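This is entry-v9.txt (compact mmCIF, C-alpha atoms and all ligand atoms).
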```txt
# COMPACT_ATOMS: atom_id res chain seq x y z
CA MET R 522 -50.51 -119.83 -242.39
CA LYS R 523 -50.22 -117.84 -239.16
CA ILE R 524 -47.41 -119.38 -237.16
CA LEU R 525 -46.09 -118.79 -233.63
CA VAL R 526 -42.46 -119.69 -232.93
CA ALA R 527 -41.59 -119.75 -229.23
CA GLY R 528 -37.83 -119.34 -228.86
CA GLY R 529 -37.63 -117.84 -232.34
CA ALA R 530 -34.79 -115.47 -231.43
CA GLY R 531 -32.53 -118.40 -230.60
CA PHE R 532 -30.09 -120.28 -232.80
CA ILE R 533 -32.35 -122.93 -234.41
CA GLY R 534 -35.53 -120.87 -233.95
CA SER R 535 -34.26 -117.91 -235.97
CA HIS R 536 -33.33 -120.17 -238.91
CA LEU R 537 -36.78 -121.76 -238.71
CA VAL R 538 -38.39 -118.30 -238.78
CA ASP R 539 -36.42 -117.36 -241.92
CA ARG R 540 -37.58 -120.54 -243.59
CA LEU R 541 -41.25 -120.02 -242.64
CA LEU R 542 -41.24 -116.40 -243.83
CA ASN R 543 -39.57 -117.48 -247.10
CA ASP R 544 -42.33 -120.04 -247.55
CA GLY R 545 -44.87 -117.19 -247.40
CA HIS R 546 -46.22 -117.56 -243.86
CA THR R 547 -46.89 -114.88 -241.25
CA VAL R 548 -44.71 -115.45 -238.20
CA ASP R 549 -44.93 -114.21 -234.61
CA VAL R 550 -41.92 -114.89 -232.40
CA ILE R 551 -42.27 -115.04 -228.64
CA ASP R 552 -38.95 -114.93 -226.80
CA ASN R 553 -37.67 -113.59 -223.48
CA PHE R 554 -34.03 -113.45 -224.68
CA VAL R 555 -32.72 -115.53 -221.79
CA THR R 556 -30.33 -117.19 -224.28
CA GLY R 557 -31.62 -115.73 -227.56
CA ARG R 558 -30.13 -112.71 -229.27
CA LYS R 559 -31.63 -109.64 -230.95
CA GLU R 560 -28.99 -109.95 -233.72
CA ASN R 561 -30.51 -113.28 -234.83
CA ILE R 562 -33.73 -111.56 -235.90
CA ALA R 563 -32.50 -107.99 -236.55
CA HIS R 564 -32.82 -108.51 -240.33
CA LEU R 565 -36.57 -109.16 -239.90
CA THR R 566 -37.67 -106.01 -238.10
CA GLU R 567 -38.86 -104.30 -241.33
CA ASN R 568 -40.70 -107.43 -242.56
CA SER R 569 -44.47 -106.82 -242.32
CA GLN R 570 -45.11 -110.58 -241.99
CA PHE R 571 -42.99 -110.73 -238.83
CA THR R 572 -43.85 -109.70 -235.25
CA LEU R 573 -41.71 -109.98 -232.14
CA ILE R 574 -43.40 -110.49 -228.78
CA GLU R 575 -40.89 -110.09 -225.97
CA GLN R 576 -42.35 -112.29 -223.26
CA ASP R 577 -41.63 -115.29 -221.04
CA ILE R 578 -43.93 -118.16 -222.09
CA VAL R 579 -44.03 -119.35 -218.48
CA LYS R 580 -45.85 -116.10 -217.57
CA GLU R 581 -48.02 -115.41 -220.60
CA VAL R 582 -48.62 -116.47 -224.19
CA PRO R 583 -50.52 -114.46 -226.84
CA ASP R 584 -54.30 -114.84 -226.89
CA LYS R 585 -54.38 -115.23 -230.67
CA LYS R 586 -55.37 -117.85 -233.20
CA TYR R 587 -52.52 -119.63 -234.97
CA ASP R 588 -52.46 -122.49 -237.47
CA ARG R 589 -49.14 -123.78 -236.20
CA ILE R 590 -47.13 -123.38 -232.97
CA TYR R 591 -43.48 -124.41 -232.83
CA ASN R 592 -42.20 -124.55 -229.24
CA LEU R 593 -38.41 -124.22 -229.25
CA ALA R 594 -38.24 -122.11 -226.10
CA SER R 595 -35.63 -123.46 -223.69
CA PRO R 596 -32.01 -122.81 -222.81
CA ALA R 597 -30.10 -125.75 -224.27
CA SER R 598 -26.45 -125.45 -223.29
CA PRO R 599 -25.08 -127.58 -220.41
CA ILE R 600 -23.46 -124.47 -218.86
CA ASP R 601 -27.00 -123.11 -218.30
CA PHE R 602 -28.06 -126.26 -216.45
CA ALA R 603 -25.99 -125.16 -213.44
CA LYS R 604 -26.85 -121.45 -213.74
CA ILE R 605 -30.62 -121.35 -214.37
CA PRO R 606 -32.13 -124.77 -213.55
CA PHE R 607 -35.49 -123.41 -212.40
CA GLU R 608 -36.00 -121.40 -215.60
CA ILE R 609 -35.26 -124.57 -217.60
CA LEU R 610 -37.60 -126.73 -215.50
CA MET R 611 -40.39 -124.15 -215.76
CA VAL R 612 -40.15 -123.48 -219.48
CA GLY R 613 -40.25 -127.20 -220.36
CA SER R 614 -43.25 -127.76 -218.09
CA MET R 615 -45.41 -124.67 -217.41
CA GLY R 616 -44.24 -122.80 -220.51
CA HIS R 617 -45.07 -125.75 -222.73
CA LYS R 618 -48.42 -126.26 -220.93
CA ASN R 619 -49.35 -122.64 -221.67
CA LEU R 620 -48.74 -123.24 -225.38
CA LEU R 621 -50.62 -126.57 -225.34
CA ASP R 622 -53.59 -124.75 -223.76
CA LEU R 623 -53.44 -122.15 -226.52
CA ALA R 624 -53.33 -124.95 -229.12
CA GLU R 625 -56.33 -126.63 -227.50
CA LYS R 626 -58.31 -123.39 -227.38
CA THR R 627 -57.60 -122.32 -230.95
CA GLY R 628 -57.17 -125.64 -232.78
CA ALA R 629 -53.53 -125.00 -233.68
CA ARG R 630 -51.14 -127.87 -234.43
CA ILE R 631 -48.21 -127.74 -232.00
CA LEU R 632 -44.68 -129.10 -232.27
CA PHE R 633 -42.54 -129.65 -229.16
CA ALA R 634 -38.77 -129.40 -229.50
CA SER R 635 -37.59 -132.36 -227.45
CA THR R 636 -34.04 -133.66 -227.42
CA SER R 637 -31.68 -136.61 -227.60
CA GLU R 638 -31.19 -135.87 -223.89
CA VAL R 639 -34.36 -137.87 -223.18
CA TYR R 640 -32.08 -140.89 -223.81
CA GLY R 641 -29.60 -139.63 -221.16
CA ASP R 642 -26.24 -141.46 -221.16
CA PRO R 643 -27.50 -144.17 -223.50
CA LYS R 644 -26.82 -147.87 -223.15
CA VAL R 645 -28.00 -148.41 -226.73
CA ASN R 646 -26.21 -146.88 -229.71
CA PRO R 647 -27.55 -145.58 -232.07
CA GLN R 648 -30.70 -144.51 -230.21
CA PRO R 649 -34.09 -145.41 -231.75
CA GLU R 650 -37.24 -143.58 -230.60
CA THR R 651 -38.35 -146.78 -228.84
CA TYR R 652 -35.41 -146.59 -226.39
CA PHE R 653 -36.58 -145.37 -222.97
CA GLY R 654 -33.22 -143.90 -222.00
CA ASN R 655 -30.83 -143.86 -219.06
CA VAL R 656 -31.40 -140.57 -217.24
CA ASN R 657 -30.29 -139.51 -213.74
CA CYS R 658 -33.25 -137.55 -212.37
CA ARG R 659 -31.04 -135.84 -209.74
CA GLY R 660 -27.83 -135.29 -211.72
CA ALA R 661 -26.20 -132.21 -213.25
CA ARG R 662 -28.29 -132.43 -216.41
CA SER R 663 -31.57 -133.41 -214.73
CA CYS R 664 -33.25 -129.98 -214.95
CA TYR R 665 -33.05 -130.14 -218.74
CA ASP R 666 -33.54 -133.87 -219.30
CA GLU R 667 -36.51 -134.16 -216.99
CA ALA R 668 -38.13 -130.91 -218.19
CA LYS R 669 -38.02 -132.26 -221.74
CA ARG R 670 -39.28 -135.69 -220.64
CA PHE R 671 -42.13 -134.00 -218.75
CA GLY R 672 -42.79 -131.82 -221.83
CA GLU R 673 -43.13 -134.97 -223.93
CA ALA R 674 -45.45 -136.54 -221.35
CA LEU R 675 -47.61 -133.38 -221.35
CA THR R 676 -47.66 -133.42 -225.15
CA VAL R 677 -48.74 -137.04 -225.52
CA ASN R 678 -51.46 -136.64 -222.87
CA TYR R 679 -52.85 -133.41 -224.38
CA GLN R 680 -53.07 -135.41 -227.58
CA LYS R 681 -54.76 -138.44 -225.96
CA MET R 682 -57.07 -136.72 -223.47
CA LYS R 683 -57.85 -133.40 -225.18
CA GLY R 684 -57.41 -134.19 -228.87
CA VAL R 685 -54.68 -131.59 -229.42
CA ASP R 686 -52.84 -132.11 -232.71
CA THR R 687 -49.22 -132.56 -231.61
CA ARG R 688 -45.81 -133.32 -233.11
CA THR R 689 -42.62 -134.15 -231.19
CA ILE R 690 -39.13 -133.76 -232.62
CA ARG R 691 -36.12 -135.19 -230.77
CA ILE R 692 -33.29 -132.91 -231.85
CA PHE R 693 -29.72 -134.25 -231.83
CA ASN R 694 -26.66 -131.93 -231.58
CA THR R 695 -27.19 -129.14 -234.08
CA TYR R 696 -24.72 -126.43 -235.03
CA GLY R 697 -24.28 -123.53 -237.43
CA PRO R 698 -24.26 -119.75 -237.73
CA ARG R 699 -26.12 -117.77 -235.02
CA MET R 700 -24.99 -119.99 -232.14
CA ALA R 701 -23.99 -117.55 -229.40
CA PRO R 702 -20.17 -117.40 -229.26
CA ASN R 703 -20.27 -117.68 -225.44
CA ASP R 704 -22.97 -120.36 -225.49
CA GLY R 705 -20.65 -122.93 -223.87
CA ARG R 706 -21.40 -125.82 -226.20
CA VAL R 707 -18.56 -127.60 -227.95
CA ILE R 708 -18.82 -126.00 -231.40
CA PRO R 709 -18.82 -122.33 -230.24
CA ASN R 710 -16.13 -123.08 -227.64
CA PHE R 711 -13.77 -124.87 -230.03
CA PHE R 712 -14.21 -122.32 -232.86
CA MET R 713 -13.76 -119.28 -230.65
CA GLN R 714 -10.75 -120.85 -228.92
CA ALA R 715 -9.11 -122.01 -232.18
CA LEU R 716 -9.70 -118.68 -233.92
CA LYS R 717 -8.18 -116.79 -230.98
CA GLY R 718 -5.22 -119.21 -230.82
CA GLU R 719 -6.26 -120.42 -227.36
CA ALA R 720 -6.06 -124.05 -226.21
CA LEU R 721 -9.17 -126.13 -226.91
CA THR R 722 -10.95 -127.10 -223.67
CA MET R 723 -11.42 -130.86 -224.00
CA TYR R 724 -13.63 -132.36 -221.29
CA GLY R 725 -12.51 -135.85 -220.27
CA ASP R 726 -10.25 -137.64 -222.75
CA GLY R 727 -12.33 -136.61 -225.76
CA THR R 728 -13.35 -140.18 -226.64
CA GLN R 729 -17.03 -139.41 -226.01
CA THR R 730 -18.99 -139.07 -229.26
CA ARG R 731 -21.58 -136.77 -230.79
CA SER R 732 -23.21 -136.64 -234.24
CA LEU R 733 -23.36 -133.09 -235.59
CA CYS R 734 -26.32 -131.91 -237.66
CA TYR R 735 -26.10 -128.70 -239.68
CA VAL R 736 -28.93 -126.28 -238.93
CA SER R 737 -30.45 -126.24 -242.45
CA ASP R 738 -30.92 -130.02 -242.26
CA MET R 739 -32.57 -129.61 -238.86
CA VAL R 740 -35.03 -126.97 -240.12
CA GLU R 741 -35.93 -129.15 -243.10
CA GLY R 742 -36.63 -132.14 -240.82
CA MET R 743 -38.63 -129.99 -238.40
CA THR R 744 -40.90 -128.45 -241.04
CA ARG R 745 -41.43 -131.84 -242.71
CA LEU R 746 -42.48 -133.33 -239.38
CA MET R 747 -44.84 -130.43 -238.65
CA GLU R 748 -46.58 -130.86 -242.01
CA SER R 749 -46.73 -134.67 -241.75
CA ASP R 750 -49.36 -136.74 -239.94
CA VAL R 751 -46.74 -138.34 -237.66
CA THR R 752 -47.68 -137.90 -234.00
CA GLU R 753 -45.02 -140.27 -232.62
CA PRO R 754 -41.67 -138.68 -231.63
CA VAL R 755 -39.13 -138.51 -234.44
CA ASN R 756 -35.33 -138.29 -234.10
CA ILE R 757 -33.80 -135.66 -236.36
CA GLY R 758 -30.03 -135.55 -236.53
CA ASN R 759 -26.97 -136.48 -238.53
CA THR R 760 -25.76 -140.08 -238.19
CA ASP R 761 -22.08 -139.19 -238.74
CA GLU R 762 -20.85 -140.02 -235.22
CA MET R 763 -17.45 -138.60 -234.21
CA THR R 764 -15.35 -138.39 -231.07
CA ILE R 765 -14.97 -134.93 -229.54
CA ARG R 766 -11.24 -135.29 -230.24
CA LYS R 767 -12.04 -135.71 -233.95
CA ILE R 768 -14.30 -132.64 -233.87
CA GLY R 769 -11.40 -130.73 -232.27
CA GLU R 770 -9.05 -131.90 -235.03
CA LEU R 771 -11.47 -130.86 -237.80
CA ILE R 772 -11.82 -127.39 -236.28
CA THR R 773 -8.08 -127.02 -235.74
CA GLU R 774 -7.42 -127.97 -239.37
CA LEU R 775 -10.09 -125.63 -240.73
CA THR R 776 -8.96 -122.65 -238.70
CA GLY R 777 -5.26 -123.39 -239.25
CA SER R 778 -4.78 -123.13 -235.50
CA SER R 779 -1.73 -124.65 -233.84
CA ALA R 780 -3.22 -124.28 -230.37
CA ASP R 781 -2.86 -127.01 -227.76
CA ILE R 782 -5.52 -129.01 -226.04
CA LYS R 783 -6.33 -128.26 -222.41
CA PHE R 784 -7.83 -131.34 -220.75
CA LEU R 785 -10.52 -130.60 -218.14
CA PRO R 786 -12.68 -132.98 -216.08
CA LEU R 787 -15.63 -134.62 -217.81
CA PRO R 788 -18.85 -133.09 -216.42
CA GLU R 789 -21.16 -135.37 -214.42
CA ASN R 790 -23.41 -137.64 -216.51
CA ASP R 791 -21.95 -136.36 -219.80
CA PRO R 792 -23.27 -138.90 -222.36
CA LYS R 793 -20.43 -141.13 -223.63
CA LEU R 794 -22.05 -141.92 -226.96
CA ARG R 795 -24.71 -140.29 -229.10
CA GLN R 796 -26.01 -141.12 -232.52
CA PRO R 797 -29.58 -140.94 -233.76
CA ASP R 798 -31.27 -143.90 -235.37
CA THR R 799 -33.05 -141.97 -238.11
CA SER R 800 -34.92 -144.89 -239.72
CA ARG R 801 -38.26 -143.38 -238.68
CA ALA R 802 -37.45 -139.99 -240.21
CA LYS R 803 -36.34 -141.69 -243.43
CA ALA R 804 -39.39 -143.94 -243.64
CA LEU R 805 -42.08 -141.46 -242.58
CA LEU R 806 -40.70 -138.06 -243.64
CA ASP R 807 -38.34 -139.10 -246.44
CA TRP R 808 -35.73 -137.04 -244.58
CA GLN R 809 -32.05 -137.49 -243.96
CA ALA R 810 -29.21 -135.07 -243.25
CA VAL R 811 -27.41 -133.99 -246.41
CA VAL R 812 -24.88 -131.36 -245.33
CA PRO R 813 -21.44 -132.95 -244.74
CA ALA R 814 -19.36 -131.87 -241.72
CA HIS R 815 -16.65 -130.12 -243.77
CA LYS R 816 -19.23 -127.89 -245.49
CA GLY R 817 -21.25 -127.10 -242.36
CA LEU R 818 -18.14 -126.39 -240.31
CA GLN R 819 -16.77 -124.09 -243.02
CA GLU R 820 -19.98 -121.99 -242.97
CA THR R 821 -19.89 -121.95 -239.20
CA MET R 822 -16.26 -120.81 -239.11
CA THR R 823 -17.08 -117.89 -241.42
CA TYR R 824 -19.74 -116.84 -238.93
CA PHE R 825 -17.52 -117.13 -235.84
CA GLN R 826 -14.79 -115.13 -237.60
CA THR R 827 -17.09 -112.10 -237.43
CA PHE R 828 -16.62 -111.99 -233.64
CA LEU R 829 -12.83 -111.54 -233.76
P1 LIG V 901 -31.10 -121.23 -228.00
O1 LIG V 901 -30.77 -121.01 -226.57
O2 LIG V 901 -30.31 -120.53 -229.02
O3 LIG V 901 -32.64 -120.92 -228.27
C1 LIG V 901 -33.65 -121.03 -227.29
C2 LIG V 901 -34.51 -119.80 -227.35
O4 LIG V 901 -35.59 -119.94 -226.40
C3 LIG V 901 -33.75 -118.53 -226.96
O5 LIG V 901 -34.00 -117.51 -227.91
C4 LIG V 901 -34.31 -118.18 -225.59
O6 LIG V 901 -34.21 -116.81 -225.30
C5 LIG V 901 -35.71 -118.69 -225.72
N1 LIG V 901 -36.36 -118.96 -224.41
C6 LIG V 901 -35.86 -119.72 -223.40
N2 LIG V 901 -36.73 -119.72 -222.36
C7 LIG V 901 -37.79 -118.95 -222.73
C8 LIG V 901 -38.99 -118.55 -222.08
N3 LIG V 901 -39.28 -118.93 -220.82
N4 LIG V 901 -39.87 -117.76 -222.76
C9 LIG V 901 -39.59 -117.35 -224.03
N5 LIG V 901 -38.46 -117.68 -224.68
C10 LIG V 901 -37.57 -118.47 -224.03
O7 LIG V 901 -31.02 -122.83 -228.22
P2 LIG V 901 -31.17 -123.70 -229.55
O8 LIG V 901 -29.95 -124.50 -229.66
O9 LIG V 901 -31.65 -122.88 -230.68
O10 LIG V 901 -32.33 -124.69 -229.11
C11 LIG V 901 -33.69 -124.50 -229.53
C12 LIG V 901 -34.54 -125.65 -229.00
O11 LIG V 901 -34.05 -126.89 -229.52
C13 LIG V 901 -34.51 -125.78 -227.47
O12 LIG V 901 -35.80 -126.13 -227.02
C14 LIG V 901 -33.55 -126.92 -227.23
O13 LIG V 901 -33.84 -127.60 -226.05
C15 LIG V 901 -33.79 -127.80 -228.46
N6 LIG V 901 -32.59 -128.60 -228.78
C16 LIG V 901 -31.49 -128.03 -229.34
C17 LIG V 901 -30.38 -128.81 -229.61
C18 LIG V 901 -29.16 -128.26 -230.26
O14 LIG V 901 -28.20 -129.02 -230.49
N7 LIG V 901 -29.08 -127.00 -230.63
C19 LIG V 901 -30.39 -130.19 -229.29
C20 LIG V 901 -31.53 -130.72 -228.70
C21 LIG V 901 -32.64 -129.92 -228.46
N1 LIG V 902 -17.19 -130.47 -224.62
C1 LIG V 902 -15.80 -130.31 -224.57
N2 LIG V 902 -15.32 -129.05 -224.48
C2 LIG V 902 -16.11 -127.93 -224.45
C3 LIG V 902 -17.50 -128.10 -224.53
C4 LIG V 902 -18.01 -129.38 -224.59
O1 LIG V 902 -15.05 -131.30 -224.59
O2 LIG V 902 -15.55 -126.82 -224.39
C5 LIG V 902 -17.74 -131.84 -224.73
C6 LIG V 902 -18.81 -132.16 -223.72
O3 LIG V 902 -18.22 -132.69 -222.54
C7 LIG V 902 -19.65 -133.18 -224.46
C8 LIG V 902 -19.53 -132.74 -225.92
O4 LIG V 902 -18.38 -131.93 -225.99
O5 LIG V 902 -19.10 -134.47 -224.30
C9 LIG V 902 -20.74 -132.00 -226.44
O6 LIG V 902 -21.02 -130.98 -225.52
P1 LIG V 902 -22.10 -129.85 -225.75
O7 LIG V 902 -22.07 -128.97 -224.55
O8 LIG V 902 -21.90 -129.22 -227.07
O9 LIG V 902 -23.49 -130.61 -225.85
P2 LIG V 902 -24.12 -131.94 -225.21
O10 LIG V 902 -24.21 -132.87 -226.34
O11 LIG V 902 -23.24 -132.48 -224.13
O12 LIG V 902 -25.43 -131.48 -224.69
```
Would you mind writing the file's structure down as structure tokens?
Amino acid sequence: MKILVAGGAGFIGSHLVDRLLNDGHTVDVIDNFVTGRKENIAHLTENSQFTLIEQDIVKEVPDKKYDRIYNLASPASPIDFAKIPFEILMVGSMGHKNLLDLAEKTGARILFASTSEVYGDPKVNPQPETYFGNVNCRGARSCYDEAKRFGEALTVNYQKMKGVDTRTIRIFNTYGPRMAPNDGRVIPNFFMQALKGEALTMYGDGTQTRSLCYVSDMVEGMTRLMESDVTEPVNIGNTDEMTIRKIGELITELTGSSADIKFLPLPENDPKLRQPDTSRAKALLDWQAVVPAHKGLQETMTYFQTFL
């Protein structure tokens, strides 16, 4: 197939592109490198099945026929929410609309990378897809949460009103090689700090939880969803819920670091709990995460060591 991956120079996107090329497809990546990195796709420049289009999807998308469009384009780290809120709001809304229009025009199937953030600071744990969420539309995370919620609303209405063939994945915290070391999310921060012998920056008291999914599991879930007939949103994530303190301990043990913890204030609206209910993914896609934390974190450490 001919496949377009928006955001394909990013962390998850570049792993998806490798997988699609390995499966024998032709892949175009469109990326403006706002958070993506040339290094993530440098190994593909000689591949005749791969093309890079350096462009902002808010401004322009290719006028070409594709069989599949994966839209992963969006900054995703909370530190970007304060720095570039308008870019985030625009890519989730206008950028996604541009790709939906292309899908409508050319008959492509399109997948939207949504997020567990549509559930906000959840009052239900684990979160099933039927949960409507608890989101502050004016808070520190609102540019991202509401852009993704609007992106989902666009997606479902392009499907209903215009017959576009859509898929929606709700991605839960994903980690692995190719995350930018200065990305600001917990895994890059803790690894880079521990490897440099610096104190781990723990926001709040570290009792808030996340469930970490290794990137190969995420790509498997995403491609299964794309090739399924499931048009409802599907949570993809690992169900192994841990406190941030526990994640800090695992990383300290792995790296052999004896560094302290530096406690910093918990950012506004930081979700206290997060775990996906993956019953739908199991039932409809026969998917579940298989990479255990110790294995995924080991691979990730090897990658972060290259930056020392
Ligand atoms: P990332 O920042 O590494 O990748 C995003 C990519 O999109 C980057 O290459 C960036 O340059 C590109 N991009 C952003 N705006 C663009 C624009 N206007 N035009 C073209 N390209 C643009 O982040 P990631 O962690 O790989 O996330 C990929 C997708 O998955 C995002 O949509 C994110 O919201 C979603 N997601 C990720 C996670 C996670 O834990 N990693 C969780 C939930 C949702
Ligand atoms: N966090 C932390 N220290 C850091 C970075 C993040 O304690 O250096 C916490 C953050 O407050 C949140 C969790 O780790 O509770 C996950 O944060 P991340 O930015 O990775 O993603 P989120 O799930 O919040 O979008």
9 Å contact set for stretch 590-598 of chain R, only C-alpha atoms, chain neighbours under 4 positions out, as JSON, numbers by chain: {"R": [523, 524, 525, 526, 527, 528, 529, 531, 533, 534, 551, 552, 553, 555, 556, 557, 578, 602, 605, 608, 609, 612, 613, 616, 617, 620, 621, 624, 629, 630, 631, 632, 633, 634, 635, 665, 704, 705, 706, 747]}
Output as a Markdown table one row per residue of chain R within 9 Å of ligand LIG 902 (chain V): the closest atom pair and its distance in Å to one decimal place, counting all atoms listed in the file, sorted by chain and residue number ascending.
```
| residue | atom | partner | partner_atom | distance |
| --- | --- | --- | --- | --- |
| R:Ala597 | CA | V:LIG902 | O12 | 7.4 |
| R:Ser598 | CA | V:LIG902 | O7 | 5.8 |
| R:Pro599 | CA | V:LIG902 | O7 | 5.3 |
| R:Ile600 | CA | V:LIG902 | O7 | 7.4 |
| R:Ser637 | CA | V:LIG902 | O10 | 8.4 |
| R:Glu638 | CA | V:LIG902 | O12 | 7.3 |
| R:Arg662 | CA | V:LIG902 | O12 | 8.8 |
| R:Phe693 | CA | V:LIG902 | O10 | 7.9 |
| R:Asn694 | CA | V:LIG902 | O10 | 5.9 |
| R:Thr695 | CA | V:LIG902 | O8 | 8.8 |
| R:Tyr696 | CA | V:LIG902 | O8 | 8.9 |
| R:Asp704 | CA | V:LIG902 | O7 | 8.7 |
| R:Gly705 | CA | V:LIG902 | C3 | 6.1 |
| R:Arg706 | CA | V:LIG902 | O8 | 3.5 |
| R:Val707 | CA | V:LIG902 | C3 | 3.6 |
| R:Ile708 | CA | V:LIG902 | O8 | 6.2 |
| R:Pro709 | CA | V:LIG902 | O2 | 8.1 |
| R:Asn710 | CA | V:LIG902 | O2 | 5.0 |
| R:Phe711 | CA | V:LIG902 | O2 | 6.2 |
| R:Gln714 | CA | V:LIG902 | O2 | 8.9 |
| R:Leu721 | CA | V:LIG902 | O2 | 6.9 |
| R:Thr722 | CA | V:LIG902 | O2 | 4.7 |
| R:Met723 | CA | V:LIG902 | O1 | 3.7 |
| R:Tyr724 | CA | V:LIG902 | O1 | 3.7 |
| R:Gly725 | CA | V:LIG902 | O1 | 6.8 |
| R:Asp726 | CA | V:LIG902 | O1 | 8.2 |
| R:Gly727 | CA | V:LIG902 | O1 | 6.1 |
| R:Thr728 | CA | V:LIG902 | O5 | 8.4 |
| R:Gln729 | CA | V:LIG902 | O5 | 5.6 |
| R:Thr730 | CA | V:LIG902 | O5 | 6.8 |
| R:Arg731 | CA | V:LIG902 | O10 | 6.5 |
| R:Ser732 | CA | V:LIG902 | O10 | 8.8 |
| R:Thr764 | CA | V:LIG902 | O5 | 8.7 |
| R:Ile765 | CA | V:LIG902 | O4 | 5.8 |
| R:Arg766 | CA | V:LIG902 | O1 | 7.9 |
| R:Ile768 | CA | V:LIG902 | O4 | 8.9 |
| R:Gly769 | CA | V:LIG902 | O1 | 8.5 |
| R:Phe784 | CA | V:LIG902 | O1 | 8.2 |
| R:Leu785 | CA | V:LIG902 | O1 | 7.9 |
| R:Pro786 | CA | V:LIG902 | O3 | 8.5 |
| R:Leu787 | CA | V:LIG902 | O3 | 5.7 |
| R:Pro788 | CA | V:LIG902 | O3 | 6.2 |
| R:Asp791 | CA | V:LIG902 | O5 | 5.7 |
| R:Pro792 | CA | V:LIG902 | O5 | 6.4 |
| R:Lys793 | CA | V:LIG902 | O5 | 6.8 |
| R:Leu794 | CA | V:LIG902 | O5 | 8.4 |
| R:Arg795 | CA | V:LIG902 | O10 | 7.9 |
```
Atom O13 of ligand LIG 901 (chain V) to atom CA of R:Asp601, distance in Å rounded to a single decimal: 11.3 Å
d(atom CA of R:Pro643, atom CA of R:Asn655) in Å: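 Atom CA of R:Pro643 sits 5.6 Å away from atom CA of R:Asn655.
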Å distance separating atom CA of R:Gly777 from atom CA of R:Leu733, one decimal place: 20.9 Å
Counting all atoms listed in the file, the residue of R:Phe712, R:Tyr587, R:Tyr652, R:Tyr824 that sits nearest R:Ala780: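 Looking only at the distances to R:Ala780, the closest residue turns out to be R:Phe712.
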Centre and edge lengths of an axis-aligned box around all listed atoms of stretch 770-789 of chain R, with 5 Å added on each side, are to be given in Å to one decimal, as AutoDock Vina command-line options.
```
--center_x -11.4 --center_y -129.0 --center_z -227.6 --size_x 29.4 --size_y 22.7 --size_z 36.3
```
Residue contacts of R:Pro649 (8 Å, all atoms listed in the file) excluding same-chain residues fewer than 3 positions away, as an MDAnalysis selection string: chainID R and resid 652 756 797:799
Among listed residues R:Thr566, R:Ser749, R:Asn759, R:Asn543, nearest ligand LIG 901 (chain V) (using only C-alpha atoms and all ligand atoms): R:Asn759
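Using all atoms listed in the file for every distance, the candidate list R:Lys644, R:Lys803, R:His536, R:Lys626 yields R:Lys803 as the residue closest to R:Arg745.
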Nearest to R:Ser535, chosen from R:Asp577, R:Asp750, R:Asp549, R:Glu789, with all atoms listed in the file counted in the distances: R:Asp549
Selection near R:Asn619, 10 Å with only C-alpha atoms, sequence-local residues under 4 positions removed, as a list of chain:residue names: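 My reading of the contact set: R:Ile578, R:Val579, R:Lys580, R:Glu581, R:Val582, R:Pro583, R:Val612, R:Ser614, R:Met615, R:Leu623, R:Ala624, R:Glu625.
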Residue nearest ligand LIG 901 (chain V) among R:Trp808, R:Tyr679, R:Phe653, R:Tyr735 (counting all atoms listed in the file): R:Tyr735
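In this comparison, which uses only C-alpha atoms and all ligand atoms, the residue of R:Gly697, R:Gly654, R:Pro647, R:Gly628 approaching ligand LIG 901 (chain V) most closely is R:Gly697.
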